[in-house]
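Text of input-v8.txt, listed as compact mmCIF, C-alpha atoms:
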```
# COMPACT_ATOMS: atom_id res chain seq x y z
CA MET A 1 3.89 -29.90 -19.90
CA ILE A 2 4.64 -26.16 -19.82
CA ASP A 3 1.09 -25.45 -20.95
CA GLN A 4 -0.30 -27.54 -18.10
CA ILE A 5 1.89 -25.84 -15.49
CA LEU A 6 0.76 -22.41 -16.65
CA LEU A 7 -2.92 -23.42 -16.54
CA ILE A 8 -2.47 -24.90 -13.04
CA LEU A 9 -0.90 -21.63 -11.90
CA LEU A 10 -3.82 -19.72 -13.41
CA ALA A 11 -6.31 -21.93 -11.56
CA LEU A 12 -4.46 -21.36 -8.27
CA TYR A 13 -4.31 -17.63 -8.97
CA LEU A 14 -8.05 -17.41 -9.59
CA MET A 15 -8.73 -19.42 -6.43
CA LYS A 16 -6.62 -16.86 -4.57
CA ILE A 17 -8.69 -14.05 -6.09
CA LEU A 18 -11.90 -15.70 -4.89
CA LEU A 19 -10.39 -16.12 -1.43
CA PHE A 20 -9.54 -12.42 -1.29
CA TRP A 21 -12.94 -11.35 -2.64
CA SER A 22 -14.88 -13.38 -0.08
CA GLY A 23 -12.50 -12.45 2.75
CA SER A 24 -12.98 -8.76 2.06
CA ARG A 25 -16.75 -9.23 2.24
CA ARG A 26 -16.36 -11.01 5.59
CA ALA A 27 -14.24 -8.12 6.91
CA SER A 28 -16.91 -5.59 5.94
CA LYS A 29 -19.85 -6.85 7.98
CA PRO A 30 -21.76 -3.77 9.22
CA GLN A 31 -20.80 -2.60 12.68
CA ALA A 32 -21.69 0.69 14.34
CA PHE A 33 -21.25 1.47 18.04
CA ASP A 34 -22.46 4.80 19.36
CA SER A 35 -19.78 6.07 21.70
CA GLU A 36 -17.59 9.16 21.95
CA PRO A 37 -14.34 8.22 23.70
CA VAL A 38 -11.43 10.63 23.92
CA VAL A 39 -9.62 10.43 20.57
CA THR A 40 -6.12 11.47 19.58
CA VAL A 41 -5.15 11.99 15.95
CA ILE A 42 -1.41 11.76 15.30
CA VAL A 43 0.40 12.96 12.18
CA ALA A 44 4.17 12.66 11.72
CA ALA A 45 5.48 15.34 9.36
CA ARG A 46 8.97 15.72 7.94
CA ASN A 47 9.66 18.20 5.14
CA GLU A 48 6.01 18.40 4.12
CA GLU A 49 5.74 22.09 3.19
CA THR A 50 3.88 21.14 0.00
CA ASN A 51 1.20 19.09 1.76
CA ILE A 52 0.92 20.20 5.38
CA ASP A 53 -1.61 23.01 4.86
CA ALA A 54 -4.11 20.73 3.11
CA CYS A 55 -3.56 18.06 5.75
CA VAL A 56 -4.16 20.34 8.75
CA ASP A 57 -7.05 22.07 7.01
CA GLY A 58 -8.72 18.66 6.76
CA LEU A 59 -7.97 17.94 10.42
CA SER A 60 -9.47 21.29 11.41
CA ARG A 61 -12.80 20.24 9.86
CA ILE A 62 -13.18 17.00 11.83
CA GLU A 63 -16.67 16.69 13.28
CA TYR A 64 -16.26 15.37 16.82
CA PRO A 65 -16.88 16.86 20.28
CA PRO A 66 -13.98 19.30 20.80
CA LYS A 67 -13.42 18.27 24.41
CA MET A 68 -13.03 14.67 23.33
CA LEU A 69 -10.56 15.32 20.48
CA GLU A 70 -6.89 16.22 20.38
CA ILE A 71 -4.75 16.52 17.27
CA ILE A 72 -0.98 16.11 17.54
CA VAL A 73 1.23 16.94 14.57
CA VAL A 74 4.84 15.96 15.13
CA ASP A 75 7.47 17.94 13.28
CA ASP A 76 10.16 15.31 12.77
CA GLN A 77 13.18 17.62 12.45
CA SER A 78 12.01 19.22 9.21
CA THR A 79 14.55 21.30 7.30
CA ASP A 80 12.02 23.15 5.12
CA SER A 81 9.20 25.55 6.06
CA THR A 82 7.02 22.87 7.69
CA PRO A 83 7.61 24.20 11.26
CA GLU A 84 6.60 27.74 10.31
CA LEU A 85 3.47 26.52 8.52
CA LEU A 86 2.48 24.46 11.54
CA ARG A 87 2.93 27.38 13.91
CA ALA A 88 0.57 29.39 11.72
CA TRP A 89 -2.11 26.75 12.30
CA GLU A 90 -1.86 26.82 16.09
CA GLY A 91 -4.92 28.59 17.39
CA ARG A 92 -6.74 28.15 14.08
CA CYS A 93 -7.23 24.39 14.38
CA ALA A 94 -9.15 23.42 17.52
CA GLY A 95 -7.32 20.90 19.67
CA LEU A 96 -4.07 21.12 17.68
CA ARG A 97 -0.75 20.56 19.44
CA VAL A 98 2.52 20.80 17.55
CA LEU A 99 5.42 18.76 18.89
CA ARG A 100 8.99 18.41 17.67
CA THR A 101 10.90 15.16 18.01
CA THR A 102 13.72 15.19 20.53
CA GLY A 103 16.30 12.44 20.29
CA SER A 104 15.43 8.79 19.84
CA LEU A 105 12.80 7.19 22.07
CA TYR A 106 13.44 3.49 22.81
CA ASP A 107 16.14 3.50 20.07
CA LEU A 108 13.46 4.09 17.45
CA HIS A 109 14.09 5.97 14.21
CA GLY A 110 12.13 7.84 11.58
CA LYS A 111 8.36 7.87 11.67
CA ALA A 112 8.15 5.23 14.43
CA ASN A 113 10.09 7.54 16.74
CA ALA A 114 7.85 10.50 15.93
CA VAL A 115 4.61 8.58 16.45
CA ALA A 116 5.87 6.94 19.66
CA GLN A 117 6.78 10.32 21.14
CA ALA A 118 3.32 11.64 20.29
CA VAL A 119 1.60 8.62 21.86
CA GLU A 120 3.59 9.20 25.07
CA GLN A 121 2.11 12.70 25.33
CA SER A 122 -1.42 11.89 24.16
CA ARG A 123 -4.57 11.27 26.19
CA GLY A 124 -6.83 9.46 23.73
CA GLU A 125 -8.47 6.13 24.46
CA ILE A 126 -8.52 5.60 20.69
CA ILE A 127 -5.54 6.80 18.63
CA LEU A 128 -5.84 7.43 14.90
CA THR A 129 -2.83 7.96 12.64
CA THR A 130 -2.52 9.46 9.20
CA ASP A 131 0.25 11.04 7.12
CA ALA A 132 1.07 14.63 6.31
CA ASP A 133 0.37 14.10 2.60
CA CYS A 134 -3.16 12.89 3.36
CA VAL A 135 -6.51 14.63 3.74
CA VAL A 136 -9.20 13.20 6.01
CA SER A 137 -12.95 13.78 5.76
CA PRO A 138 -14.93 15.56 8.50
CA ALA A 139 -16.60 12.25 9.47
CA TRP A 140 -13.37 10.20 9.49
CA VAL A 141 -12.87 10.14 13.27
CA ARG A 142 -16.50 9.50 14.20
CA ASN A 143 -16.99 6.72 11.68
CA THR A 144 -13.72 5.04 12.57
CA VAL A 145 -14.61 5.11 16.27
CA ARG A 146 -17.99 3.55 15.45
CA GLN A 147 -16.12 0.44 14.29
CA TYR A 148 -14.82 -0.21 17.81
CA ALA A 149 -16.66 -2.97 19.65
CA PRO A 150 -15.52 -3.53 23.26
CA ASP A 151 -13.18 -6.31 22.08
CA THR A 152 -11.76 -4.40 19.08
CA GLY A 153 -8.13 -3.35 19.40
CA CYS A 154 -7.31 -2.01 15.94
CA VAL A 155 -9.29 -0.61 13.01
CA CYS A 156 -7.80 0.08 9.58
CA GLY A 157 -9.37 1.99 6.72
CA PHE A 158 -8.74 2.42 3.01
CA THR A 159 -6.52 5.13 1.57
CA LEU A 160 -7.35 6.30 -1.95
CA ILE A 161 -4.93 8.06 -4.28
CA ARG A 162 -5.77 11.38 -5.91
CA GLY A 163 -4.73 12.57 -9.33
CA LYS A 164 -5.47 11.99 -13.00
CA GLY A 165 -3.61 10.31 -15.83
CA GLY A 166 -2.16 6.85 -16.34
CA PHE A 167 0.73 7.13 -13.87
CA ASN A 168 -1.48 8.28 -11.00
CA GLY A 169 -4.33 6.02 -12.05
CA MET A 170 -2.24 2.87 -11.92
CA GLN A 171 -1.07 3.82 -8.41
CA ALA A 172 -4.67 4.40 -7.36
CA LEU A 173 -5.70 0.94 -8.58
CA ASP A 174 -2.65 -0.59 -6.94
CA TRP A 175 -3.59 0.86 -3.54
CA VAL A 176 -7.19 -0.35 -3.84
CA TYR A 177 -6.00 -3.81 -4.88
CA LEU A 178 -3.43 -4.16 -2.08
CA LEU A 179 -5.73 -2.82 0.63
CA THR A 180 -8.50 -5.15 -0.51
CA ILE A 181 -6.07 -8.02 0.04
CA ALA A 182 -5.22 -6.61 3.47
CA SER A 183 -8.92 -6.41 4.30
CA ALA A 184 -9.42 -9.98 3.11
CA GLY A 185 -6.67 -11.26 5.38
CA VAL A 186 -8.49 -9.79 8.38
CA GLY A 187 -11.74 -11.29 7.12
CA TRP A 188 -10.21 -14.77 7.12
CA GLY A 189 -8.41 -14.34 10.44
CA PHE A 190 -4.80 -14.05 9.24
CA PRO A 191 -4.07 -10.29 9.11
CA LEU A 192 -1.58 -9.57 6.35
CA SER A 193 -0.72 -5.87 6.35
CA ALA A 194 -1.71 -2.36 7.34
CA VAL A 195 -0.80 1.16 6.27
CA GLY A 196 -0.33 3.85 8.90
CA ASN A 197 -1.93 6.66 6.92
CA ASN A 198 -5.35 5.28 7.87
CA MET A 199 -4.91 3.15 10.96
CA SER A 200 -6.17 3.35 14.52
CA PHE A 201 -5.71 1.41 17.73
CA ARG A 202 -7.04 1.26 21.24
CA ARG A 203 -4.57 2.54 23.82
CA LYS A 204 -5.09 -0.58 25.91
CA ALA A 205 -4.13 -2.75 22.92
CA TYR A 206 -1.07 -0.56 22.34
CA ASP A 207 -0.03 -0.93 25.98
CA ASP A 208 -0.62 -4.68 25.87
CA VAL A 209 2.20 -5.06 23.32
CA ASP A 210 4.31 -2.43 25.13
CA GLY A 211 3.79 -0.03 22.22
CA TYR A 212 6.61 0.74 19.85
CA ARG A 213 9.11 -0.07 22.57
CA GLY A 214 7.91 -3.67 22.54
CA VAL A 215 7.57 -3.80 18.77
CA GLY A 216 11.03 -2.38 18.14
CA PHE A 217 12.29 -0.61 15.06
CA SER A 218 10.85 -1.47 11.66
CA VAL A 219 10.94 0.34 8.32
CA THR A 220 7.15 -0.20 8.29
CA GLU A 221 6.37 0.68 11.89
CA ASP A 222 2.61 0.71 11.31
CA PHE A 223 2.61 -2.88 10.03
CA ALA A 224 4.83 -4.00 12.91
CA LEU A 225 2.41 -2.57 15.50
CA PHE A 226 -0.60 -3.96 13.62
CA LYS A 227 1.01 -7.39 13.52
CA ALA A 228 1.86 -7.33 17.23
CA ILE A 229 -1.72 -6.47 18.22
CA SER A 230 -3.06 -9.08 15.78
CA TYR A 231 -0.93 -12.02 16.89
CA LYS A 232 0.20 -11.29 20.44
CA THR A 233 -3.12 -10.24 21.98
CA LYS A 234 -6.76 -11.32 21.97
CA TRP A 235 -7.97 -8.00 20.58
CA LYS A 236 -10.07 -8.20 17.41
CA ILE A 237 -9.07 -6.39 14.21
CA ARG A 238 -11.40 -4.57 11.80
CA TYR A 239 -10.57 -3.72 8.18
CA PRO A 240 -13.86 -2.87 6.44
CA VAL A 241 -14.30 -1.64 2.89
CA GLU A 242 -16.08 1.42 4.24
CA PRO A 243 -16.36 4.72 2.30
CA SER A 244 -17.06 6.80 5.42
CA THR A 245 -13.55 6.10 6.78
CA VAL A 246 -11.58 6.73 3.57
CA VAL A 247 -8.46 8.94 3.62
CA TRP A 248 -7.12 10.58 0.45
CA SER A 249 -3.40 10.67 -0.28
CA GLU A 250 -1.05 12.07 -2.88
CA PRO A 251 0.50 9.69 -5.45
CA CYS A 252 4.24 9.20 -5.83
CA ALA A 253 5.59 11.89 -8.13
CA ASP A 254 7.80 9.62 -10.26
CA LEU A 255 9.13 6.10 -10.65
CA HIS A 256 12.00 6.76 -8.26
CA GLU A 257 9.51 7.50 -5.47
CA VAL A 258 7.50 4.41 -6.41
CA TYR A 259 10.67 2.32 -6.22
CA ARG A 260 11.48 3.61 -2.72
CA GLN A 261 7.91 3.05 -1.54
CA LYS A 262 7.75 -0.54 -2.82
CA LYS A 263 11.17 -1.32 -1.40
CA ARG A 264 10.17 -0.06 2.06
CA TRP A 265 6.89 -1.94 2.02
CA GLY A 266 8.56 -5.10 0.74
CA ARG A 267 11.37 -4.95 3.30
CA GLY A 268 8.90 -4.41 6.12
CA GLY A 269 6.66 -7.24 4.96
CA VAL A 270 9.21 -10.05 4.75
CA ASP A 271 7.88 -11.59 7.98
CA ILE A 272 4.28 -11.70 6.79
CA HIS A 273 1.99 -14.45 8.14
CA PRO A 274 3.05 -17.85 6.65
CA VAL A 275 -0.39 -18.34 5.09
CA GLY A 276 -0.10 -14.93 3.49
CA PHE A 277 3.41 -15.69 2.27
CA GLY A 278 2.16 -18.86 0.59
CA ILE A 279 -0.75 -17.11 -1.06
CA MET A 280 1.41 -14.22 -2.23
CA SER A 281 3.93 -16.69 -3.67
CA ILE A 282 1.21 -17.91 -6.02
CA GLY A 283 0.84 -14.37 -7.34
CA TRP A 284 4.58 -13.98 -7.82
CA LEU A 285 4.87 -17.34 -9.62
CA MET A 286 1.97 -16.44 -11.89
CA ASN A 287 3.54 -13.12 -12.81
CA ILE A 288 7.00 -14.49 -13.48
CA ALA A 289 5.55 -17.40 -15.46
CA LEU A 290 3.82 -14.99 -17.82
CA PHE A 291 7.24 -13.45 -18.53
CA VAL A 292 9.21 -16.68 -18.82
CA VAL A 293 7.02 -19.35 -20.45
CA PRO A 294 6.86 -17.69 -23.90
CA PHE A 295 10.58 -18.56 -24.16
CA LEU A 296 9.98 -22.15 -23.06
CA GLY A 297 7.72 -23.21 -25.89
CA VAL A 298 4.28 -22.60 -24.41
CA SER A 299 1.39 -22.48 -26.84
CA PRO A 300 0.57 -18.86 -27.76
CA LEU A 301 -3.15 -19.55 -27.22
CA VAL A 302 -2.51 -20.92 -23.74
CA TRP A 303 -0.33 -17.91 -22.88
CA ILE A 304 -3.02 -15.49 -24.09
CA ALA A 305 -5.67 -17.39 -22.14
CA ALA A 306 -3.55 -17.25 -18.97
CA LEU A 307 -2.89 -13.53 -19.39
CA ALA A 308 -6.56 -12.82 -20.04
CA GLY A 309 -7.56 -14.98 -17.08
CA LYS A 310 -5.23 -13.11 -14.76
CA PHE A 311 -6.49 -9.74 -15.97
CA ALA A 312 -10.10 -10.88 -15.53
CA GLY A 313 -9.40 -12.09 -11.98
CA ASP A 314 -7.75 -8.81 -11.02
CA ALA A 315 -10.61 -6.80 -12.52
CA PHE A 316 -13.10 -8.91 -10.57
CA LEU A 317 -11.28 -8.34 -7.27
CA LEU A 318 -11.24 -4.60 -7.89
CA SER A 319 -14.91 -4.43 -8.88
CA ARG A 320 -16.40 -4.44 -5.38
CA PRO A 321 -14.23 -1.75 -3.73
CA LEU A 322 -14.27 0.49 -6.81
CA THR A 323 -18.07 0.32 -6.79
CA ILE A 324 -18.38 0.93 -3.05
CA PHE A 325 -16.05 3.93 -3.21
CA GLY A 326 -17.67 5.33 -6.36
CA ILE A 327 -14.44 5.29 -8.37
CA ARG A 328 -15.19 2.82 -11.15
CA HIS A 329 -13.83 5.42 -13.57
CA LEU A 330 -10.38 4.17 -12.57
CA TYR A 331 -10.95 1.14 -14.78
CA ARG A 332 -9.80 3.34 -17.65
CA TYR A 333 -6.27 2.91 -16.23
CA PHE A 334 -6.57 -0.85 -15.77
CA LEU A 335 -4.13 -1.76 -18.56
CA HIS A 336 -1.57 0.70 -17.16
CA TYR A 337 -2.00 -0.95 -13.79
CA GLU A 338 -1.68 -4.52 -15.06
CA LEU A 339 1.57 -3.81 -16.90
CA TYR A 340 2.92 -1.99 -13.84
CA TYR A 341 1.78 -4.82 -11.56
CA LEU A 342 3.40 -7.51 -13.71
CA VAL A 343 6.74 -5.73 -13.63
CA TYR A 344 6.96 -4.68 -10.00
CA VAL A 345 5.63 -7.92 -8.50
CA THR A 346 8.18 -9.87 -10.54
CA LEU A 347 11.07 -7.61 -9.52
CA LEU A 348 10.07 -6.99 -5.89
CA PRO A 349 11.90 -9.96 -4.28
CA PHE A 350 15.12 -8.94 -6.01
CA ILE A 351 14.67 -5.30 -4.96
CA VAL A 352 13.99 -6.28 -1.35
CA PHE A 353 16.84 -8.74 -0.89
CA LEU A 354 19.54 -7.56 -3.27
CA THR A 355 19.61 -3.78 -2.82
CA GLY A 356 20.78 -1.40 -0.10
CA LYS A 357 19.06 0.37 2.77
CA VAL A 358 15.56 1.75 2.71
CA VAL A 359 15.27 5.53 2.29
CA TRP A 360 12.40 7.39 4.00
CA LYS A 361 12.19 11.19 3.95
CA ASP A 362 15.88 11.48 3.00
CA ARG A 363 16.93 9.16 5.83
CA LYS A 364 18.52 5.77 5.37
CA LEU A 365 16.88 3.21 7.65
```
Just dump the structure as structure tokens.
Amino acid sequence: MIDQILLILLALYLMKILLFWSGSRRASKPQAFDSEPVVTVIVAARNEETNIDACVDGLSRIEYPPKMLEIIVVDDQSTDSTPELLRAWEGRCAGLRVLRTTGSLYDLHGKANAVAQAVEQSRGEIILTTDADCVVSPAWVRNTVRQYAPDTGCVCGFTLIRGKGGFNGMQALDWVYLLTIASAGVGWGFPLSAVGNNMSFRRKAYDDVDGYRGVGFSVTEDFALFKAISYKTKWKIRYPVEPSTVVWSEPCADLHEVYRQKKRWGRGGVDIHPVGFGIMSIGWLMNIALFVVPFLGVSPLVWIAALAGKFAGDAFLLSRPLTIFGIRHLYRYFLHYELYYLVYVTLLPFIVFLTGKVVWKDRKL
């Protein structure tokens, strides 16, 4: 009986993988519109003295008509040298404006407050957001804007993780895996998630949901806005597996940072689309079963087959984006990733519901 249950879970898990694989392909149908609307790039920065120079240097290299581009970096009450470093960039980066958060807008906190204040002072028809520990390519803005059909309200892109070694490699695979699932959700018409370090939206779509004021506070403000545009308006969403819109980010430095990141993402994603919740539950059950059933008398051969089947399914889902992005070398860290994935997916519900407040940039939210 236990053997049969495990094999049924494996079958459901592999069906889920196929659903994600095909959904991601649907989300990536070629689309290119030649237009040059006014664009605003917004970056919220708090205590980013280690990363801010590389971030702004990347922004300074964006290839887009200068009169149609503004770049707003918001210093969110940094206590390190971030403000001084930003001031040094003023005048060197075309279109750069440096703002500093003042108070709480619409009772918002953290990054949501910083981004909302920047949007209030921006002029872009299309607004792109990234993070201060990210580096964008020169073509990032132009190729993101080309994804906007007249009925498109939000476009998300992939963020890839830099760094070498098993710890960074497993994070890199994890991001590709999770963003492929996010892309697949859009492909099938039930958007699941978004990450604000490579996200954009049409101002009209933002206004249609009353912006962050209408969305309210969330520990994952980007996902909350994405969800509002997805489900409360008629605007279309794009989430292509597209190398020309990739953003590069730094990995978490240690397990403590990983824990905080996963906790924040998990807490913000508790109200995911019901279809997505059901599909994700299959993944959680599969993972926990692989831990538990060896103690319940399952046949060792069946357990090995289930483990191998899960690994094969995950490798298959990763194959397309890794090939498109030219990073198949990350497969060398696949075993690191699978062990990491088994542990954190199993523990995530307990971390989300049984621990304290989320911490972001030394603030409890």
Inset, instruction - Find the residues near A:Leu335: any atom within 9 Å, counting all atoms listed in the file, skip ones fewer than 4 places away on the same chain, and give them as a list in words. - result: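 Near A:Leu335, the qualifying residues are Met170, Phe311, Tyr331, Leu339 and Tyr340 of chain A.
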Inset, instruction - Can you pull out every residue within 12 Å of A:Gly211, counting only C-alpha atoms, but drop anything in the same chain fewer than 2 positions away, and send it as a PyMOL selection string? - result: chain A and resi 105-106+108+112-113+115-120+201-209+213-217+221-222+224-229+232
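Note that the spacing between atom CA of A:Lys262 and atom CA of A:Phe295 amounts to 28.1 Å.
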Inset, instruction - Would you kindly return, as number ranges by chain, each protein, DNA or RNA residue with an atom no farther than 8 Å from any atom of A:Phe190, considering all atoms listed in the file and excluding same-chain residues fewer than 2 positions away? - result: A: 185-188, 192, 273, 275-276
Legend entry - Atomic distance atom CA of A:Ser122 - atom CA of A:Pro243, expressed in Å with one decimal: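 Those two atoms sit 27.4 Å apart.
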Inset, instruction - State, in Å with one decimal place, the distance from atom CA of A:Glu250 to atom CA of A:Arg46. - result: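 Atom CA of A:Arg46 lies 15.2 Å from atom CA of A:Glu250.
Among A:Ile17, A:Leu59, A:Val141, A:Met199, the residue with the shortest atom-to-atom distance to A:Gly157, counting only C-alpha atoms, is A:Met199.
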